[in-house]
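First comes the structure, then the notes that go with it.
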Amino acid sequence: MKRVVIFASGSGSNAENLIKFFHNIDNVSVIQVLTNNPHAKVLDRCKRLNISALSFNRVAFSKSEDVLNILKKQKPDLIILAGFLWKFPKFILNHYENKVINIHPALLPKYGGKGMYGMHVHNAVVANNEKKTGITIHYVNENYDEGSIIFQAKCDVLPTDTPEDLASKIHLLEMEYFPKVVNDLLNE
């Protein structure tokens with residue numbers, strides 16, 4: 001049985017999509033969701049889906065080994081960042097080399113880095129009159145959005161698209177491809 005832990009900071013739509021996708025797959029289980037936001041809607045989703053969820057603060061995450069110790073007990077085969085906004089500490093990454101992945105709402109290396117998430121990305125894509133955008137699933141390293149790319153999916157940016165239109169297009173790509181790519185990684 002492959003074990004998955006998800007980190008999320010917000011609404012948790014990607015986390016829920018992953019949980020539901022793997023619910024009926026015999027060899028994969030989402031065993032825990034961790035969040036840095038005690039008010040994140042992902043906690044409500046996990047309660048409804050009967051998935052263990054915990055919140056933690058910055059000290060527990062990056063200044064002590066509290067979160068690392070939780071991960072060690074859970075023994076994940078893969079750690080998935082699904083809308084998780086904090087930079088992952090190097091000491092955790094060292095324990096889980098090539099086992100931490102992230103999804104980004106743009107075609108990296110464009111529109112990555114600190115502060116580039118969600119609507120910030122979509123606003124920048126529209127402001128720069130890009131013709132294409134998409135999603136990037138990548139390994140996590142010690143720098144924001146600089147890990148090796150695993151997968152990208154593209155969509156057109158129409159001249160009439162607003163940042164909200166792009167958010168909708170990106171959300172559809174995430175819902176379609178993220179679980180499939182995770183499943184492929186777990187079954188390599």
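Residue numbering restarts at 1 for every chain of the structure tokens, chains are lettered A, B, ... in their displayed order, and ligands are numbered from 1 as they appear.
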
Item to check | Exercise: Lys169 of chain A partners within 12 Å, only C-alpha atoms, chain neighbours under 5 positions left out, as a list in words | outcome: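 Listed by chain and then number, they are Pro105, Ala106, His122, Lys132, Thr133, Gly134, Ile135, Ala153, Lys154, Cys155, Asp156, Val157, Leu158, Asp161, Thr162, Pro163, Glu164, Glu174, Met175 and Glu176 of chain A.
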
Dump N, CA and C atoms for the selected residues as a compact mmCIF listing (two decimals), in the first residue's frame?
# COMPACT_ATOMS: atom_id res chain seq x y z
N PRO A 105 0.27 26.82 -10.78
CA PRO A 105 -0.73 27.24 -11.78
C PRO A 105 -0.16 28.05 -12.94
N ALA A 106 0.98 27.64 -13.45
CA ALA A 106 1.60 28.29 -14.62
C ALA A 106 2.59 27.31 -15.23
N HIS A 122 -2.26 34.38 -12.24
CA HIS A 122 -3.21 34.65 -13.33
C HIS A 122 -3.22 36.12 -13.75
N LYS A 132 -0.37 31.33 -24.02
CA LYS A 132 -0.57 30.02 -23.39
C LYS A 132 -0.25 30.13 -21.91
N THR A 133 -0.92 29.30 -21.14
CA THR A 133 -0.59 29.10 -19.74
C THR A 133 -0.89 27.64 -19.42
N GLY A 134 -0.87 27.29 -18.17
CA GLY A 134 -1.15 25.90 -17.84
C GLY A 134 -0.75 25.57 -16.42
N ILE A 135 -0.47 24.29 -16.21
CA ILE A 135 -0.05 23.81 -14.90
C ILE A 135 1.30 23.11 -15.02
N ALA A 153 0.72 20.72 -18.49
CA ALA A 153 -0.45 20.72 -19.38
C ALA A 153 -0.74 22.18 -19.71
N LYS A 154 -1.09 22.44 -20.98
CA LYS A 154 -1.26 23.82 -21.45
C LYS A 154 -2.72 24.09 -21.81
N CYS A 155 -3.04 25.38 -21.80
CA CYS A 155 -4.31 25.86 -22.33
C CYS A 155 -4.08 27.23 -22.96
N ASP A 156 -4.96 27.59 -23.87
CA ASP A 156 -4.85 28.89 -24.54
C ASP A 156 -5.29 30.01 -23.61
N VAL A 157 -4.67 31.16 -23.79
CA VAL A 157 -5.12 32.39 -23.15
C VAL A 157 -5.71 33.25 -24.26
N LEU A 158 -7.00 33.46 -24.20
CA LEU A 158 -7.67 34.26 -25.22
C LEU A 158 -7.51 35.74 -24.91
N ASP A 161 -9.78 36.80 -22.17
CA ASP A 161 -9.72 36.14 -20.86
C ASP A 161 -9.35 37.11 -19.75
N THR A 162 -10.07 37.01 -18.65
CA THR A 162 -9.73 37.73 -17.42
C THR A 162 -8.91 36.78 -16.54
N PRO A 163 -8.29 37.31 -15.49
CA PRO A 163 -7.61 36.41 -14.55
C PRO A 163 -8.55 35.35 -13.97
N GLU A 164 -9.80 35.71 -13.76
CA GLU A 164 -10.77 34.75 -13.24
C GLU A 164 -11.06 33.65 -14.26
N GLU A 174 -5.97 21.16 -13.38
CA GLU A 174 -5.53 20.55 -12.13
C GLU A 174 -6.39 19.33 -11.79
N MET A 175 -7.70 19.49 -11.89
CA MET A 175 -8.62 18.40 -11.54
C MET A 175 -8.41 17.18 -12.46
N GLU A 176 -8.13 17.44 -13.73
CA GLU A 176 -7.96 16.34 -14.67
C GLU A 176 -6.62 15.63 -14.52

Tell me, which residues of segment 48-175 of chain A carry DSSP strand (DSSP E or B), written as a PDB file with C-alpha atoms, in the first residue's frame?
ATOM      1  CA  ALA A  53      -6.036  16.380   9.281  1.00  0.00           C
ATOM      2  CA  LEU A  54      -3.809  18.500  11.491  1.00  0.00           C
ATOM      3  CA  SER A  55      -2.746  22.122  11.510  1.00  0.00           C
ATOM      4  CA  LEU A  78       4.874  10.612  -1.535  1.00  0.00           C
ATOM      5  CA  ILE A  79       4.255  14.066  -0.052  1.00  0.00           C
ATOM      6  CA  ILE A  80       2.032  16.275  -2.169  1.00  0.00           C
ATOM      7  CA  LEU A  81       1.823  20.053  -1.901  1.00  0.00           C
ATOM      8  CA  VAL A 100       7.852  15.820  -2.382  1.00  0.00           C
ATOM      9  CA  ILE A 101       5.922  17.247  -5.331  1.00  0.00           C
ATOM     10  CA  ASN A 102       3.996  20.448  -5.966  1.00  0.00           C
ATOM     11  CA  ILE A 103       1.478  21.729  -8.481  1.00  0.00           C
ATOM     12  CA  HIS A 104       1.911  25.272  -9.810  1.00  0.00           C
ATOM     13  CA  LYS A 132      -0.569  30.021 -23.393  1.00  0.00           C
ATOM     14  CA  THR A 133      -0.589  29.099 -19.741  1.00  0.00           C
ATOM     15  CA  GLY A 134      -1.148  25.896 -17.835  1.00  0.00           C
ATOM     16  CA  ILE A 135      -0.046  23.808 -14.895  1.00  0.00           C
ATOM     17  CA  THR A 136       3.294  22.400 -13.843  1.00  0.00           C
ATOM     18  CA  ILE A 137       3.748  19.442 -11.529  1.00  0.00           C
ATOM     19  CA  HIS A 138       7.310  19.390 -10.210  1.00  0.00           C
ATOM     20  CA  TYR A 139       9.571  18.027  -7.527  1.00  0.00           C
ATOM     21  CA  ILE A 149       9.509  19.347 -13.869  1.00  0.00           C
ATOM     22  CA  ILE A 150       7.487  16.123 -13.932  1.00  0.00           C
ATOM     23  CA  PHE A 151       4.552  17.188 -16.114  1.00  0.00           C
ATOM     24  CA  GLN A 152       2.977  20.218 -17.789  1.00  0.00           C
ATOM     25  CA  ALA A 153      -0.446  20.725 -19.384  1.00  0.00           C
ATOM     26  CA  LYS A 154      -1.263  23.817 -21.452  1.00  0.00           C
ATOM     27  CA  CYS A 155      -4.315  25.860 -22.326  1.00  0.00           C
ATOM     28  CA  ASP A 156      -4.854  28.890 -24.536  1.00  0.00           C
TER      29      ASP A 156
END

Next on the checklist: When you look at Glu146 of chain A with a cut-off of 8 Å (counting only C-alpha atoms), what residues show up, excluding the ones that are within fewer than 5 positions of it in the same chain? I need them as number ranges by chain.
Outcome noted: A: 109, 112-113, 140-141

Next on the checklist: One number please: atom CA of Leu18 of chain A to atom CA of Pro76 of chain A, in Å, one decimal.
Outcome noted: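 About the pair atom CA of Leu18 of chain A and atom CA of Pro76 of chain A: they are 15.0 Å apart.
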
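Between atom CA of Asn69 of chain A and atom CA of Tyr144 of chain A the separation is 23.3 Å.
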
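Between Leu93 of chain A and the candidates A:Gly147, A:Glu142, A:Asn24, A:Ile170, the tightest atom-to-atom separation, counting only C-alpha atoms, involves A:Glu142.
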
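In this model, the gap between atom CA of Glu97 of chain A and atom CA of Asn17 of chain A comes to 24.8 Å.
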
Item to check | Contacts of Lys75 of chain A at 12 Å (only C-alpha atoms; same-chain gap of 5+ positions) as JSON, numbers by chain | outcome: {"A": [1, 2, 3, 4, 5, 29, 30, 31, 32, 68, 69, 70, 95, 96, 99]}

Next on the checklist: Which of segment 30-174 of chain A end up as helix (DSSP H, G or I) when DSSP is run on this backbone - answer as a PyMOL selection string?
Outcome noted: chain A and resi 41-49+58-63+66-74+90-95+118-127+163-174

Write out the residues from the selection above, keeping C-alpha atoms, as a PDB file, in the first residue's frame.
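Contents of the output file again_38.pdb:
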ATOM      1  CA  LYS A  41     -11.402  25.025   4.416  1.00  0.00           C
ATOM      2  CA  VAL A  42      -9.356  21.894   3.672  1.00  0.00           C
ATOM      3  CA  LEU A  43      -9.925  20.919   7.320  1.00  0.00           C
ATOM      4  CA  ASP A  44     -13.704  20.909   6.774  1.00  0.00           C
ATOM      5  CA  ARG A  45     -13.274  18.850   3.599  1.00  0.00           C
ATOM      6  CA  CYS A  46     -11.129  16.301   5.457  1.00  0.00           C
ATOM      7  CA  LYS A  47     -13.667  15.990   8.249  1.00  0.00           C
ATOM      8  CA  ARG A  48     -16.422  15.340   5.690  1.00  0.00           C
ATOM      9  CA  LEU A  49     -14.206  12.821   3.842  1.00  0.00           C
ATOM     10  CA  ARG A  58       5.746  27.907  11.616  1.00  0.00           C
ATOM     11  CA  VAL A  59       7.800  26.796  14.628  1.00  0.00           C
ATOM     12  CA  ALA A  60       6.534  23.207  14.349  1.00  0.00           C
ATOM     13  CA  PHE A  61       7.276  23.245  10.619  1.00  0.00           C
ATOM     14  CA  SER A  62      10.621  24.950  10.182  1.00  0.00           C
ATOM     15  CA  LYS A  63      12.159  25.600  13.599  1.00  0.00           C
ATOM     16  CA  ASP A  66       7.540  18.349  15.042  1.00  0.00           C
ATOM     17  CA  VAL A  67       6.182  18.112  11.481  1.00  0.00           C
ATOM     18  CA  LEU A  68       9.110  15.932  10.425  1.00  0.00           C
ATOM     19  CA  ASN A  69       8.309  13.557  13.299  1.00  0.00           C
ATOM     20  CA  ILE A  70       4.665  13.361  12.164  1.00  0.00           C
ATOM     21  CA  LEU A  71       5.885  12.457   8.681  1.00  0.00           C
ATOM     22  CA  LYS A  72       8.303   9.856  10.042  1.00  0.00           C
ATOM     23  CA  LYS A  73       5.422   8.170  11.884  1.00  0.00           C
ATOM     24  CA  GLN A  74       3.210   8.239   8.782  1.00  0.00           C
ATOM     25  CA  LYS A  90      15.638  21.684   3.635  1.00  0.00           C
ATOM     26  CA  PHE A  91      15.867  19.307   6.616  1.00  0.00           C
ATOM     27  CA  ILE A  92      12.490  17.784   5.700  1.00  0.00           C
ATOM     28  CA  LEU A  93      13.395  17.630   2.014  1.00  0.00           C
ATOM     29  CA  ASN A  94      16.638  15.820   2.917  1.00  0.00           C
ATOM     30  CA  HIS A  95      14.544  13.087   4.581  1.00  0.00           C
ATOM     31  CA  GLY A 118      -3.182  31.692  -7.296  1.00  0.00           C
ATOM     32  CA  MET A 119      -4.561  34.945  -8.643  1.00  0.00           C
ATOM     33  CA  HIS A 120      -1.111  36.594  -8.501  1.00  0.00           C
ATOM     34  CA  VAL A 121      -0.055  34.208 -11.264  1.00  0.00           C
ATOM     35  CA  HIS A 122      -3.209  34.646 -13.334  1.00  0.00           C
ATOM     36  CA  ASN A 123      -3.031  38.445 -13.072  1.00  0.00           C
ATOM     37  CA  ALA A 124       0.584  38.379 -14.286  1.00  0.00           C
ATOM     38  CA  VAL A 125      -0.213  36.044 -17.201  1.00  0.00           C
ATOM     39  CA  VAL A 126      -3.023  38.326 -18.403  1.00  0.00           C
ATOM     40  CA  ALA A 127      -0.986  41.511 -17.839  1.00  0.00           C
ATOM     41  CA  PRO A 163      -7.606  36.407 -14.554  1.00  0.00           C
ATOM     42  CA  GLU A 164     -10.775  34.748 -13.238  1.00  0.00           C
ATOM     43  CA  ASP A 165     -11.276  33.009 -16.602  1.00  0.00           C
ATOM     44  CA  LEU A 166      -7.722  31.694 -16.383  1.00  0.00           C
ATOM     45  CA  ALA A 167      -8.293  30.509 -12.813  1.00  0.00           C
ATOM     46  CA  SER A 168     -11.225  28.425 -14.073  1.00  0.00           C
ATOM     47  CA  LYS A 169      -9.201  26.952 -16.945  1.00  0.00           C
ATOM     48  CA  ILE A 170      -6.290  26.124 -14.652  1.00  0.00           C
ATOM     49  CA  HIS A 171      -8.614  24.540 -12.098  1.00  0.00           C
ATOM     50  CA  LEU A 172      -9.973  22.197 -14.775  1.00  0.00           C
ATOM     51  CA  LEU A 173      -6.428  21.182 -15.776  1.00  0.00           C
ATOM     52  CA  GLU A 174      -5.530  20.545 -12.129  1.00  0.00           C
TER      53      GLU A 174
END

Checklist entry - Between A:Phe56, A:Ser9, A:Phe21, A:Asn36, which is the closest to Lys180 of chain A once you count only C-alpha atoms? => result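 Of the candidates, the smallest distance to Lys180 of chain A is held by A:Phe21.
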